[in-house]
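Here is the file protein.txt (compact mmCIF, C-alpha atoms).
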# COMPACT_ATOMS: atom_id res chain seq x y z
CA MET A 225 64.16 53.50 -91.58
CA ARG A 226 60.80 51.74 -91.33
CA TRP A 227 58.87 50.79 -94.43
CA GLN A 228 55.32 49.48 -94.13
CA GLY A 229 54.56 46.80 -96.66
CA GLN A 230 58.00 47.14 -98.18
CA SER A 231 59.32 44.88 -100.90
CA LEU A 232 63.00 44.16 -101.45
CA ASP A 233 64.22 42.94 -104.81
CA ALA A 234 67.98 43.26 -105.15
CA ASP A 235 68.54 39.91 -106.93
CA ASP A 236 72.26 39.17 -107.21
CA GLY A 237 73.34 42.25 -109.14
CA ALA A 238 73.32 46.01 -108.97
CA LEU A 239 71.26 48.52 -110.86
CA PRO A 240 72.73 48.78 -114.37
CA GLY A 241 75.40 51.46 -114.42
CA LEU A 242 76.26 51.06 -110.71
CA SER A 243 78.87 48.70 -109.35
CA ARG A 244 77.79 46.01 -106.91
CA ALA A 245 79.91 47.63 -104.21
CA ASP A 246 77.72 50.76 -104.35
CA PHE A 247 74.37 49.02 -104.43
CA VAL A 248 72.51 48.26 -101.20
CA ARG A 249 68.94 47.27 -102.07
CA THR A 250 65.85 48.05 -104.09
CA VAL A 251 62.78 49.19 -102.16
CA ARG A 252 59.14 49.43 -103.19
CA THR A 253 56.37 50.55 -100.88
CA PRO A 254 52.63 51.20 -101.33
CA GLU A 255 53.10 54.70 -99.98
CA PHE A 256 55.04 55.52 -103.17
CA ASP A 257 52.99 53.58 -105.68
CA GLY A 258 54.76 53.17 -109.00
CA ILE A 259 58.13 54.34 -107.68
CA THR A 260 61.17 52.14 -107.08
CA PHE A 261 63.99 53.31 -104.82
CA HIS A 262 67.51 52.02 -105.47
CA GLU A 263 69.51 52.68 -102.32
CA VAL A 264 73.23 53.16 -102.89
CA LEU A 265 76.29 54.14 -100.90
CA CYS A 266 78.04 57.02 -102.61
CA LYS A 267 81.81 57.40 -102.55
CA SER A 268 81.66 61.19 -102.81
CA ALA A 269 79.03 63.83 -102.12
CA LEU A 270 80.61 66.99 -103.52
CA ASN A 271 80.49 67.30 -107.29
CA GLU A 272 82.87 69.79 -108.89
CA VAL A 273 81.52 72.10 -111.57
CA PRO A 274 83.90 72.71 -114.49
CA GLU A 275 85.30 76.22 -114.73
CA SER A 276 84.10 76.39 -118.32
CA SER A 277 80.50 76.50 -117.06
CA LYS A 278 81.10 80.10 -115.87
CA LEU A 279 78.67 79.57 -113.00
CA PRO A 280 79.19 81.44 -109.72
CA PHE A 281 79.52 78.20 -107.74
CA ARG A 282 82.00 75.38 -108.21
CA TRP A 283 80.35 72.63 -106.16
CA THR A 284 77.00 70.85 -105.99
CA VAL A 285 75.42 68.06 -103.94
CA ASN A 286 72.75 65.81 -105.47
CA PRO A 287 71.31 63.39 -102.87
CA ILE A 288 68.85 61.72 -105.27
CA ARG A 289 69.06 60.86 -108.98
CA GLY A 290 65.82 60.79 -110.92
CA CYS A 291 62.81 62.81 -109.78
CA SER A 292 59.19 61.94 -109.07
CA HIS A 293 58.19 65.50 -109.94
CA ALA A 294 58.06 64.10 -113.49
CA CYS A 295 58.35 67.48 -115.21
CA ARG A 296 57.99 66.81 -118.92
CA TYR A 297 60.73 69.32 -119.76
CA CYS A 298 63.32 68.42 -117.09
CA PHE A 299 66.83 69.11 -118.42
CA ALA A 300 68.35 66.42 -116.18
CA ARG A 301 66.53 63.51 -117.84
CA PRO A 302 69.53 62.41 -119.97
CA THR A 303 71.58 61.81 -116.81
CA HIS A 304 69.53 58.66 -116.17
CA GLU A 305 70.88 57.08 -119.34
CA TYR A 306 74.24 56.73 -117.60
CA LEU A 307 72.51 54.12 -115.41
CA GLU A 308 71.17 52.30 -118.49
CA LEU A 309 67.69 53.60 -117.64
CA ASP A 310 65.55 55.64 -119.98
CA ALA A 311 65.14 59.38 -119.71
CA GLY A 312 61.35 59.17 -119.72
CA ALA A 313 59.29 57.00 -117.37
CA ASP A 314 62.39 55.54 -115.66
CA PHE A 315 63.61 59.02 -114.73
CA ASP A 316 60.26 59.67 -113.05
CA SER A 317 59.95 56.34 -111.24
CA GLN A 318 63.41 54.72 -110.78
CA LEU A 319 65.06 56.86 -108.11
CA VAL A 320 68.63 56.38 -106.92
CA VAL A 321 68.96 57.45 -103.29
CA LYS A 322 72.41 58.13 -101.82
CA THR A 323 71.60 57.03 -98.30
CA ASN A 324 75.01 57.91 -96.84
CA VAL A 325 75.37 61.28 -98.57
CA ALA A 326 75.38 63.36 -95.36
CA ALA A 327 78.09 61.27 -93.71
CA VAL A 328 80.27 61.37 -96.82
CA LEU A 329 79.73 65.12 -97.12
CA ARG A 330 80.83 65.69 -93.52
CA ARG A 331 84.02 63.77 -94.22
CA GLU A 332 84.75 65.75 -97.37
CA LEU A 333 84.10 69.08 -95.69
CA ARG A 334 86.65 68.23 -92.98
CA ARG A 335 89.47 67.99 -95.50
CA LYS A 336 92.21 70.57 -95.09
CA SER A 337 91.97 71.27 -98.79
CA TRP A 338 88.31 72.35 -98.54
CA ARG A 339 88.12 76.12 -99.08
CA ARG A 340 84.49 76.63 -98.03
CA GLU A 341 83.33 77.59 -101.51
CA PRO A 342 79.57 77.92 -102.09
CA VAL A 343 77.67 74.67 -102.63
CA ALA A 344 74.44 74.50 -104.62
CA LEU A 345 71.62 71.99 -104.10
CA GLY A 346 68.79 71.49 -106.58
CA THR A 347 70.87 72.05 -109.71
CA ASN A 348 70.19 68.57 -111.08
CA THR A 349 67.15 66.94 -109.45
CA ASP A 350 65.02 68.34 -106.65
CA PRO A 351 66.37 67.62 -103.14
CA TYR A 352 62.87 68.17 -101.69
CA GLN A 353 60.95 65.77 -103.91
CA ARG A 354 58.61 63.40 -102.06
CA ALA A 355 61.32 60.82 -101.33
CA GLU A 356 63.01 63.29 -98.98
CA GLY A 357 60.05 62.91 -96.63
CA ARG A 358 61.11 59.30 -96.03
CA TYR A 359 64.87 59.41 -96.32
CA ARG A 360 65.43 62.75 -94.56
CA LEU A 361 68.77 63.40 -96.22
CA MET A 362 68.58 67.19 -96.26
CA PRO A 363 68.80 67.90 -92.49
CA GLY A 364 72.15 66.10 -92.33
CA ILE A 365 73.38 67.91 -95.43
CA ILE A 366 72.33 71.30 -94.07
CA ARG A 367 73.98 70.66 -90.69
CA ALA A 368 77.20 69.47 -92.35
CA LEU A 369 77.45 72.57 -94.53
CA ALA A 370 76.66 75.00 -91.72
CA ALA A 371 79.02 73.33 -89.24
CA SER A 372 81.88 73.51 -91.73
CA GLY A 373 81.33 77.19 -92.48
CA THR A 374 80.29 76.48 -96.08
CA PRO A 375 77.75 78.83 -97.74
CA PHE A 376 75.05 77.08 -99.72
CA SER A 377 71.93 77.53 -101.82
CA VAL A 378 68.81 75.43 -102.32
CA LEU A 379 66.52 75.49 -105.35
CA THR A 380 63.28 73.52 -105.14
CA LYS A 381 59.70 73.06 -106.23
CA GLY A 382 59.06 71.01 -103.11
CA THR A 383 56.98 72.44 -100.29
CA LEU A 384 58.64 69.86 -98.03
CA LEU A 385 61.34 72.50 -97.56
CA ARG A 386 59.06 74.07 -94.93
CA ARG A 387 59.85 71.13 -92.66
CA ASP A 388 63.47 72.29 -92.51
CA LEU A 389 62.80 76.02 -92.29
CA PRO A 390 63.89 76.30 -88.61
CA LEU A 391 67.08 74.41 -89.44
CA LEU A 392 67.74 76.61 -92.47
CA ALA A 393 67.14 79.75 -90.42
CA SER A 394 69.63 78.50 -87.85
CA ALA A 395 72.15 77.69 -90.57
CA ALA A 396 71.72 81.19 -91.99
CA GLY A 397 73.04 82.50 -88.68
CA GLU A 398 76.29 80.63 -89.36
CA VAL A 399 76.80 80.90 -93.14
CA PRO A 400 75.20 82.64 -96.12
CA VAL A 401 72.13 80.67 -97.20
CA ARG A 402 70.26 81.37 -100.42
CA LEU A 403 66.81 79.89 -101.06
CA ALA A 404 65.05 79.83 -104.42
CA VAL A 405 61.72 78.39 -105.52
CA SER A 406 60.90 77.27 -109.05
CA LEU A 407 57.47 78.31 -110.34
CA CYS A 408 56.84 78.92 -114.03
CA MET A 409 53.05 78.84 -114.35
CA LEU A 410 49.81 79.43 -112.46
CA ASP A 411 47.33 77.56 -114.67
CA PRO A 412 46.24 74.41 -112.73
CA GLU A 413 45.41 72.33 -115.82
CA LEU A 414 48.68 73.14 -117.57
CA HIS A 415 50.53 72.43 -114.33
CA ARG A 416 48.99 68.97 -114.09
CA GLY A 417 50.07 68.21 -117.63
CA LEU A 418 53.63 69.55 -117.49
CA GLU A 419 54.59 68.98 -113.84
CA PRO A 420 52.31 66.17 -112.63
CA GLY A 421 54.34 65.24 -109.55
CA THR A 422 55.00 68.72 -108.17
CA PRO A 423 53.12 70.71 -105.54
CA ALA A 424 50.44 72.97 -106.99
CA PRO A 425 51.33 76.58 -107.88
CA LYS A 426 49.23 77.84 -104.96
CA ALA A 427 51.20 75.67 -102.54
CA ARG A 428 54.48 77.02 -103.90
CA LEU A 429 53.26 80.60 -103.53
CA GLU A 430 52.54 79.76 -99.90
CA LEU A 431 56.07 78.36 -99.58
CA ILE A 432 57.51 81.61 -100.95
CA ALA A 433 55.48 83.55 -98.40
CA ALA A 434 56.69 81.31 -95.56
CA LEU A 435 60.33 81.75 -96.58
CA ALA A 436 59.93 85.51 -96.86
CA ASP A 437 58.24 85.63 -93.45
CA ALA A 438 61.23 83.75 -92.04
CA GLY A 439 63.52 86.51 -93.29
CA PHE A 440 64.89 84.95 -96.47
CA ALA A 441 65.26 87.00 -99.65
CA VAL A 442 63.54 84.57 -102.01
CA ASN A 443 64.50 84.35 -105.66
CA VAL A 444 61.95 82.67 -107.91
CA MET A 445 62.99 80.81 -111.02
CA VAL A 446 60.27 81.49 -113.57
CA ALA A 447 61.84 78.74 -115.57
CA PRO A 448 61.60 77.38 -117.97
CA VAL A 449 59.29 79.67 -119.87
CA ILE A 450 57.47 77.26 -122.20
CA PRO A 451 57.11 78.75 -125.69
CA TYR A 452 53.49 79.16 -126.82
CA LEU A 453 52.17 77.76 -123.53
CA THR A 454 53.42 79.97 -120.68
CA ASP A 455 54.92 82.95 -122.49
CA GLY A 456 51.75 85.02 -122.91
CA SER A 457 51.90 88.59 -121.66
CA GLU A 458 48.85 88.18 -119.41
CA GLN A 459 50.14 84.86 -118.09
CA LEU A 460 53.54 86.27 -117.15
CA ASP A 461 52.09 89.47 -115.74
CA ALA A 462 49.75 87.51 -113.48
CA LEU A 463 52.58 85.22 -112.37
CA PHE A 464 54.98 88.06 -111.51
CA ALA A 465 52.18 89.86 -109.66
CA ALA A 466 51.49 86.74 -107.60
CA LEU A 467 55.18 86.34 -106.80
CA ALA A 468 55.41 89.93 -105.62
CA ARG A 469 52.33 89.54 -103.42
CA ALA A 470 53.83 86.39 -101.89
CA GLY A 471 56.95 88.31 -100.89
CA ALA A 472 59.52 87.21 -103.46
CA GLU A 473 62.46 89.58 -103.71
CA SER A 474 63.48 88.77 -107.27
CA ALA A 475 62.70 86.56 -110.22
CA THR A 476 64.87 85.03 -112.91
CA ALA A 477 63.51 83.70 -116.18
CA PHE A 478 64.86 81.78 -119.14
CA PRO A 479 63.30 79.88 -122.04
CA LEU A 480 62.84 76.13 -122.31
CA HIS A 481 66.04 74.18 -123.05
CA LEU A 482 65.63 70.78 -124.75
CA ARG A 483 68.85 68.82 -124.47
CA GLY A 484 69.32 65.28 -125.75
CA SER A 485 66.53 62.83 -125.00
CA THR A 486 64.55 65.49 -123.11
CA LYS A 487 63.58 66.90 -126.51
CA GLY A 488 61.92 63.68 -127.65
CA TRP A 489 60.15 63.17 -124.34
CA PHE A 490 58.78 66.73 -124.30
CA LEU A 491 57.83 66.81 -127.98
CA GLY A 492 56.00 63.50 -127.54
CA TRP A 493 53.87 65.18 -124.88
CA VAL A 494 53.29 68.16 -127.19
CA ALA A 495 52.23 65.85 -130.03
CA GLU A 496 49.68 64.18 -127.77
CA HIS A 497 48.26 67.22 -126.00
CA HIS A 498 49.01 70.19 -128.26
CA PRO A 499 49.50 68.73 -131.76
CA ALA A 500 48.91 72.09 -133.45
CA LEU A 501 52.11 73.38 -131.82
CA LEU A 502 54.41 70.54 -132.86
CA ARG A 503 55.54 72.08 -136.13
CA ARG A 504 56.27 75.41 -134.42
CA TYR A 505 58.39 73.66 -131.79
CA ARG A 506 60.38 71.82 -134.41
CA GLN A 507 61.08 75.10 -136.14
CA LEU A 508 61.96 76.89 -132.91
CA TYR A 509 64.39 74.17 -131.78
CA GLY A 510 65.61 73.24 -135.24
CA ARG A 511 69.15 74.42 -134.44
CA GLY A 512 69.57 72.25 -131.35
CA ALA A 513 68.73 72.43 -127.67
CA GLN A 514 68.29 76.19 -127.43
CA VAL A 515 65.52 78.39 -128.75
CA SER A 516 66.33 80.60 -131.68
CA PRO A 517 68.15 83.86 -130.86
CA GLU A 518 65.13 85.76 -132.17
CA TYR A 519 62.81 84.10 -129.67
CA ALA A 520 65.25 84.59 -126.80
CA SER A 521 65.46 88.30 -127.61
CA TRP A 522 61.69 88.58 -127.92
CA LEU A 523 61.18 86.87 -124.56
CA ARG A 524 63.69 89.15 -122.87
CA GLY A 525 61.81 92.15 -124.20
CA ARG A 526 58.57 90.81 -122.77
CA VAL A 527 59.83 89.65 -119.38
CA ASP A 528 62.17 92.46 -118.31
CA PRO A 529 59.48 95.20 -118.20
CA LEU A 530 57.17 92.91 -116.22
CA ARG A 531 59.86 92.19 -113.65
CA GLU A 532 60.51 95.92 -113.38
CA ARG A 533 56.80 96.63 -112.94
CA HIS A 534 56.49 94.17 -110.08
CA GLY A 535 59.79 94.99 -108.36
CA LEU A 536 61.38 91.60 -109.03
CA VAL A 537 64.54 92.70 -110.80
CA ARG A 538 67.91 91.22 -109.99
CA ASP A 539 69.08 89.03 -112.85
CA SER A 540 68.29 89.31 -116.52
CA VAL A 541 66.73 86.57 -118.61
CA VAL A 542 69.42 84.01 -119.31
CA SER A 543 69.76 80.87 -121.37
CA ALA A 544 70.37 77.71 -119.37
CA PRO A 545 73.78 76.18 -120.07
CA ALA A 546 73.70 72.58 -121.20
CA PRO A 547 74.19 70.12 -118.33
CA ARG A 548 76.47 67.12 -118.55
CA PRO A 549 75.58 63.61 -117.30
CA GLU A 550 76.74 62.33 -113.93
CA PRO A 551 79.24 61.41 -112.61
CA GLY A 552 79.87 64.99 -113.54
CA PRO A 553 76.80 66.84 -112.16
CA ALA A 554 74.61 69.10 -114.24
CA PRO A 555 74.45 72.52 -112.59
CA GLN A 556 72.04 74.83 -114.34
CA LEU A 557 71.09 77.77 -112.20
CA ALA A 558 73.15 80.64 -110.88
CA LEU A 559 71.93 81.21 -107.33
CA PHE A 560 74.88 83.15 -105.95
CA GLY A 561 74.88 85.82 -108.64
Show me this structure written as structure tokens.
Amino acid sequence: MRWQGQSLDADDGALPGLSRADFVRTVRTPEFDGITFHEVLCKSALNEVPESSKLPFRWTVNPIRGCSHACRYCFARPTHEYLELDAGADFDSQLVVKTNVAAVLRRELRRKSWRREPVALGTNTDPYQRAEGRYRLMPGIIRALAASGTPFSVLTKGTLLRRDLPLLASAAGEVPVRLAVSLCMLDPELHRGLEPGTPAPKARLELIAALADAGFAVNVMVAPVIPYLTDGSEQLDALFAALARAGAESATAFPLHLRGSTKGWFLGWVAEHHPALLRRYRQLYGRGAQVSPEYASWLRGRVDPLRERHGLVRDSVVSAPAPRPEPGPAPQLALFG
């Protein structure tokens, strides 16, 4: 890998929370201003999902920890605390890159004990965030899964997925491949505030269209639905209409889930930008990480008819199960349902 103007600063110790044997180096480059990459060598690539999660897949692969998409509401933020980093700015800017993940995955998939169960990518942090453009981890992962006869799914907000569309189409000729795009709002100003590092909604609609044109049945995660900000009837109707026009086959929606330190990070943003809503949020999430049952029921009643109207029905509105910190991954989304 070539880095122009790179800076290495590994000192004599590893990133807190990682053993020295795993740590390779720390990289900073002007091309990714404000972001630090901590390159590590992982010992395993496949993460087993506990049966108690009741998800339709048992395995995930997470090539990068932390995410420059910087979504204010990201459920995976608390996983960074395992590394003795904070769940706020550090999660957005201190990225742990598993540089050998494809090689380790190939080795694990060759085991006689491997039963070719579905593997999900994008259940913790986004595999097509900007860092993937430099590290190019996904092509090796895709080839390893397809060559081993393992079905897999990818969930992303990253339009970089288009780079690998020919490879994904080829893999789909070998194994079942499910592709899903996350898009929960159309408003450009709100998008810049809530998801400052992600591609614009228009770009993601174009990604959905490209995937549909390539023959994929695209599911869109209208998730999370942000109470009082993205749950308006006109907002959701316009979003589902845009998804249908882009060629999405189905849409799944669930309300915002605020687990652990994500709650403080998100509510801090609300206090700064929408202070009039802060009291309502505290009431809505007063029982914990989930919205009140009354709100969940109300949202279901609003969303289901809109999905029906626009022909995007497959799954009902669901509540996201609480993730658990690595080294037990945090799968959230059911893509093989």
Please provide the set of residues having any atom within 9 Å of region 290-297 of chain A, restricted to only C-alpha atoms, with same-chain residues fewer than 2 positions apart removed, written as a tab-separated table (two decimals) with C-alpha atoms, in the frame of the given file.
chain	number	residue	atom	x	y	z
A	259	ILE	CA	58.13	54.34	-107.68
A	288	ILE	CA	68.85	61.72	-105.27
A	299	PHE	CA	66.83	69.11	-118.42
A	300	ALA	CA	68.35	66.42	-116.18
A	301	ARG	CA	66.53	63.51	-117.84
A	303	THR	CA	71.58	61.81	-116.81
A	304	HIS	CA	69.53	58.66	-116.17
A	311	ALA	CA	65.14	59.38	-119.71
A	312	GLY	CA	61.35	59.17	-119.72
A	313	ALA	CA	59.29	57.00	-117.37
A	314	ASP	CA	62.39	55.54	-115.66
A	315	PHE	CA	63.61	59.02	-114.73
A	316	ASP	CA	60.26	59.67	-113.05
A	317	SER	CA	59.95	56.34	-111.24
A	318	GLN	CA	63.41	54.72	-110.78
A	319	LEU	CA	65.06	56.86	-108.11
A	320	VAL	CA	68.63	56.38	-106.92
A	321	VAL	CA	68.96	57.45	-103.29
A	348	ASN	CA	70.19	68.57	-111.08
A	349	THR	CA	67.15	66.94	-109.45
A	350	ASP	CA	65.02	68.34	-106.65
A	351	PRO	CA	66.37	67.62	-103.14
A	353	GLN	CA	60.95	65.77	-103.91
A	354	ARG	CA	58.61	63.40	-102.06
A	355	ALA	CA	61.32	60.82	-101.33
A	381	LYS	CA	59.70	73.06	-106.23
A	382	GLY	CA	59.06	71.01	-103.11
A	417	GLY	CA	50.07	68.21	-117.63
A	418	LEU	CA	53.63	69.55	-117.49
A	419	GLU	CA	54.59	68.98	-113.84
A	420	PRO	CA	52.31	66.17	-112.63
A	421	GLY	CA	54.34	65.24	-109.55
A	422	THR	CA	55.00	68.72	-108.17
A	423	PRO	CA	53.12	70.71	-105.54
A	448	PRO	CA	61.60	77.38	-117.97
A	450	ILE	CA	57.47	77.26	-122.20
A	480	LEU	CA	62.84	76.13	-122.31
A	481	HIS	CA	66.04	74.18	-123.05
A	482	LEU	CA	65.63	70.78	-124.75
A	486	THR	CA	64.55	65.49	-123.11
A	487	LYS	CA	63.58	66.90	-126.51
A	489	TRP	CA	60.15	63.17	-124.34
A	490	PHE	CA	58.78	66.73	-124.30
A	493	TRP	CA	53.87	65.18	-124.88
- Within 9 Å of file point (62.0, 78.0, -131.4), counting only C-alpha atoms, expressed as an NGL selection string: :A and (451 or 504-511 or 514-520)
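Reported to one decimal place, the separation of CA of Thr347 (chain A) from CA of Ala465 (chain A) is 25.8 Å.
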- For Val401 (chain A), which of A:Pro287, A:Gly373, A:Leu307, A:Val273 is the closest residue, counting only C-alpha atoms?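 Of all the options, A:Gly373 lies closest to Val401 (chain A).
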- Computed interatomic separation between CA of Tyr359 (chain A) and CA of Pro254 (chain A) (Å):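 According to the coordinates, CA of Tyr359 (chain A) and CA of Pro254 (chain A) are separated by 15.6 Å.
Residues with any atom within 7 Å of Leu429 (chain A), counting all atoms listed in the file and excluding same-chain neighbours fewer than 3 positions away, are Pro425, Lys426, Ile432, Ala433, Leu467 and Ala470 of chain A.
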- One decimal place gives the CA of Leu384 (chain A)-CA of Leu431 (chain A) separation as 9.0 Å
Give, as JSON, the centre coordinates and the x, y and z edge lengths in Å to one decimal for an axis-aligned box around all listed atoms of region 508-517 of chain A, padded by 4 Å on each side.
{"center_x": 65.8, "center_y": 78.1, "center_z": -131.3, "size_x": 15.6, "size_y": 19.6, "size_z": 15.8}
- Excluding region 333-344 of chain A and residues on its chain fewer than 5 positions from it, collect all residues at most 9 Å away from it, counting only C-alpha atoms, and give them as a ChimeraX atom specification. /A:270,280-286,328,368-369,372-379,400,555,557-560
Those same residues, written as a short mmCIF file (atom, residue, chain, number, x, y, z; two decimals), keeping the file's coordinate frame with C-alpha atoms?
data_model
loop_
_atom_site.label_atom_id
_atom_site.label_comp_id
_atom_site.auth_asym_id
_atom_site.auth_seq_id
_atom_site.Cartn_x
_atom_site.Cartn_y
_atom_site.Cartn_z
CA LEU A 270 80.61 66.99 -103.52
CA PRO A 280 79.19 81.44 -109.72
CA PHE A 281 79.52 78.20 -107.74
CA ARG A 282 82.00 75.38 -108.21
CA TRP A 283 80.35 72.63 -106.16
CA THR A 284 77.00 70.85 -105.99
CA VAL A 285 75.42 68.06 -103.94
CA ASN A 286 72.75 65.81 -105.47
CA VAL A 328 80.27 61.37 -96.82
CA ALA A 368 77.20 69.47 -92.35
CA LEU A 369 77.45 72.57 -94.53
CA SER A 372 81.88 73.51 -91.73
CA GLY A 373 81.33 77.19 -92.48
CA THR A 374 80.29 76.48 -96.08
CA PRO A 375 77.75 78.83 -97.74
CA PHE A 376 75.05 77.08 -99.72
CA SER A 377 71.93 77.53 -101.82
CA VAL A 378 68.81 75.43 -102.32
CA LEU A 379 66.52 75.49 -105.35
CA PRO A 400 75.20 82.64 -96.12
CA PRO A 555 74.45 72.52 -112.59
CA LEU A 557 71.09 77.77 -112.20
CA ALA A 558 73.15 80.64 -110.88
CA LEU A 559 71.93 81.21 -107.33
CA PHE A 560 74.88 83.15 -105.95
#
- Query: Nearest to Val494 (chain A) among A:Tyr306, A:Ile365, A:Ser394, A:Tyr452, with distances taken over all atoms listed in the file: which residue is it?
  - Reply: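 Smallest distance to Val494 (chain A) is found for A:Tyr452.
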- Option closest in space to His534 (chain A), from A:Ala468, A:Ala438, A:Leu403, A:Ala513 [counting only C-alpha atoms]: A:Ala468
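Residue nearest Arg531 (chain A) within the list A:Glu473, A:Asn324, A:Ala434, A:Glu272: A:Glu473 [criterion: smallest interatomic distance, all atoms listed in the file].
Within 12 Å of Ala462 (chain A), once only C-alpha atoms are used and residues closer than 3 positions along the same chain are dropped, the contacting residues are A:Cys408, A:Met409, A:Leu410, A:Asp411, A:Thr454, A:Asp455, A:Gly456, A:Ser457, A:Glu458, A:Gln459, A:Ala465, A:Ala466, A:Leu467, A:Ala468, A:Arg469, A:Val527, A:Leu530, A:Arg531, A:Arg533, A:His534.
Using only C-alpha atoms, the smallest distance between any of A:Leu361, A:Met445, A:Cys266, A:Leu389 and Val405 (chain A) comes from A:Met445.
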- Message: I want to know what sits within 7 Å of Val537 (chain A), based on all atoms listed in the file, with residues of the same chain fewer than 2 positions away left out; could you give that as number ranges by chain?
- Response: A: 474-475, 531-532, 535, 539
Can I get the selection written as a PDB file, in the coordinates of the input, with C-alpha atoms?
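As written to disk, part_17.pdb reads:
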ATOM      1  CA  SER A 474      63.480  88.770-107.270  1.00  0.00           C
ATOM      2  CA  ALA A 475      62.700  86.560-110.220  1.00  0.00           C
ATOM      3  CA  ARG A 531      59.860  92.190-113.650  1.00  0.00           C
ATOM      4  CA  GLU A 532      60.510  95.920-113.380  1.00  0.00           C
ATOM      5  CA  GLY A 535      59.790  94.990-108.360  1.00  0.00           C
ATOM      6  CA  ASP A 539      69.080  89.030-112.850  1.00  0.00           C
TER       7      ASP A 539
END
Region 336-341 of chain A from the block above: all heavy atoms written as a PDB file, in the first residue's frame:
ATOM      1  N   LYS A 336     -12.619 -28.029   7.942  1.00  0.00           N
ATOM      2  CA  LYS A 336     -13.601 -29.085   7.698  1.00  0.00           C
ATOM      3  C   LYS A 336     -14.874 -28.862   8.509  1.00  0.00           C
ATOM      4  O   LYS A 336     -15.948 -29.333   8.121  1.00  0.00           O
ATOM      5  CB  LYS A 336     -12.992 -30.444   8.033  1.00  0.00           C
ATOM      6  CG  LYS A 336     -11.871 -30.860   7.088  1.00  0.00           C
ATOM      7  CD  LYS A 336     -11.338 -32.234   7.450  1.00  0.00           C
ATOM      8  CE  LYS A 336     -10.218 -32.651   6.497  1.00  0.00           C
ATOM      9  NZ  LYS A 336      -9.669 -34.002   6.849  1.00  0.00           N
ATOM     10  N   SER A 337     -14.740 -28.147   9.603  1.00  0.00           N
ATOM     11  CA  SER A 337     -15.898 -27.907  10.455  1.00  0.00           C
ATOM     12  C   SER A 337     -16.819 -26.809   9.926  1.00  0.00           C
ATOM     13  O   SER A 337     -17.944 -26.649  10.416  1.00  0.00           O
ATOM     14  CB  SER A 337     -15.435 -27.519  11.870  1.00  0.00           C
ATOM     15  OG  SER A 337     -14.636 -26.344  11.826  1.00  0.00           O
ATOM     16  N   TRP A 338     -16.339 -26.042   8.916  1.00  0.00           N
ATOM     17  CA  TRP A 338     -17.155 -24.941   8.405  1.00  0.00           C
ATOM     18  C   TRP A 338     -18.340 -25.485   7.604  1.00  0.00           C
ATOM     19  O   TRP A 338     -18.165 -26.250   6.665  1.00  0.00           O
ATOM     20  CB  TRP A 338     -16.329 -24.001   7.535  1.00  0.00           C
ATOM     21  CG  TRP A 338     -17.145 -22.882   6.940  1.00  0.00           C
ATOM     22  CD1 TRP A 338     -17.350 -22.645   5.627  1.00  0.00           C
ATOM     23  CD2 TRP A 338     -17.857 -21.865   7.656  1.00  0.00           C
ATOM     24  NE1 TRP A 338     -18.145 -21.543   5.462  1.00  0.00           N
ATOM     25  CE2 TRP A 338     -18.476 -21.038   6.704  1.00  0.00           C
ATOM     26  CE3 TRP A 338     -18.020 -21.567   9.018  1.00  0.00           C
ATOM     27  CZ2 TRP A 338     -19.259 -19.941   7.057  1.00  0.00           C
ATOM     28  CZ3 TRP A 338     -18.794 -20.465   9.373  1.00  0.00           C
ATOM     29  CH2 TRP A 338     -19.398 -19.680   8.401  1.00  0.00           C
ATOM     30  N   ARG A 339     -19.548 -25.070   7.971  1.00  0.00           N
ATOM     31  CA  ARG A 339     -20.765 -25.612   7.383  1.00  0.00           C
ATOM     32  C   ARG A 339     -21.413 -24.681   6.364  1.00  0.00           C
ATOM     33  O   ARG A 339     -22.567 -24.862   5.986  1.00  0.00           O
ATOM     34  CB  ARG A 339     -21.763 -25.936   8.493  1.00  0.00           C
ATOM     35  CG  ARG A 339     -21.278 -27.036   9.434  1.00  0.00           C
ATOM     36  CD  ARG A 339     -22.317 -27.367  10.475  1.00  0.00           C
ATOM     37  NE  ARG A 339     -22.518 -26.245  11.411  1.00  0.00           N
ATOM     38  CZ  ARG A 339     -23.442 -26.235  12.363  1.00  0.00           C
ATOM     39  NH1 ARG A 339     -24.273 -27.253  12.486  1.00  0.00           N
ATOM     40  NH2 ARG A 339     -23.545 -25.197  13.178  1.00  0.00           N
ATOM     41  N   ARG A 340     -20.690 -23.694   5.914  1.00  0.00           N
ATOM     42  CA  ARG A 340     -21.158 -22.768   4.877  1.00  0.00           C
ATOM     43  C   ARG A 340     -22.478 -22.083   5.266  1.00  0.00           C
ATOM     44  O   ARG A 340     -23.403 -21.952   4.480  1.00  0.00           O
ATOM     45  CB  ARG A 340     -21.322 -23.485   3.528  1.00  0.00           C
ATOM     46  CG  ARG A 340     -20.007 -24.021   2.975  1.00  0.00           C
ATOM     47  CD  ARG A 340     -20.192 -24.755   1.652  1.00  0.00           C
ATOM     48  NE  ARG A 340     -18.915 -25.204   1.109  1.00  0.00           N
ATOM     49  CZ  ARG A 340     -18.293 -26.306   1.472  1.00  0.00           C
ATOM     50  NH1 ARG A 340     -18.837 -27.085   2.399  1.00  0.00           N
ATOM     51  NH2 ARG A 340     -17.133 -26.639   0.945  1.00  0.00           N
ATOM     52  N   GLU A 341     -22.531 -21.647   6.514  1.00  0.00           N
ATOM     53  CA  GLU A 341     -23.682 -20.896   6.987  1.00  0.00           C
ATOM     54  C   GLU A 341     -23.578 -19.446   6.499  1.00  0.00           C
ATOM     55  O   GLU A 341     -22.482 -18.937   6.259  1.00  0.00           O
ATOM     56  CB  GLU A 341     -23.737 -20.938   8.511  1.00  0.00           C
ATOM     57  CG  GLU A 341     -23.907 -22.323   9.088  1.00  0.00           C
ATOM     58  CD  GLU A 341     -23.867 -22.307  10.607  1.00  0.00           C
ATOM     59  OE1 GLU A 341     -24.902 -21.996  11.222  1.00  0.00           O
ATOM     60  OE2 GLU A 341     -22.797 -22.601  11.164  1.00  0.00           O
TER      61      GLU A 341
END
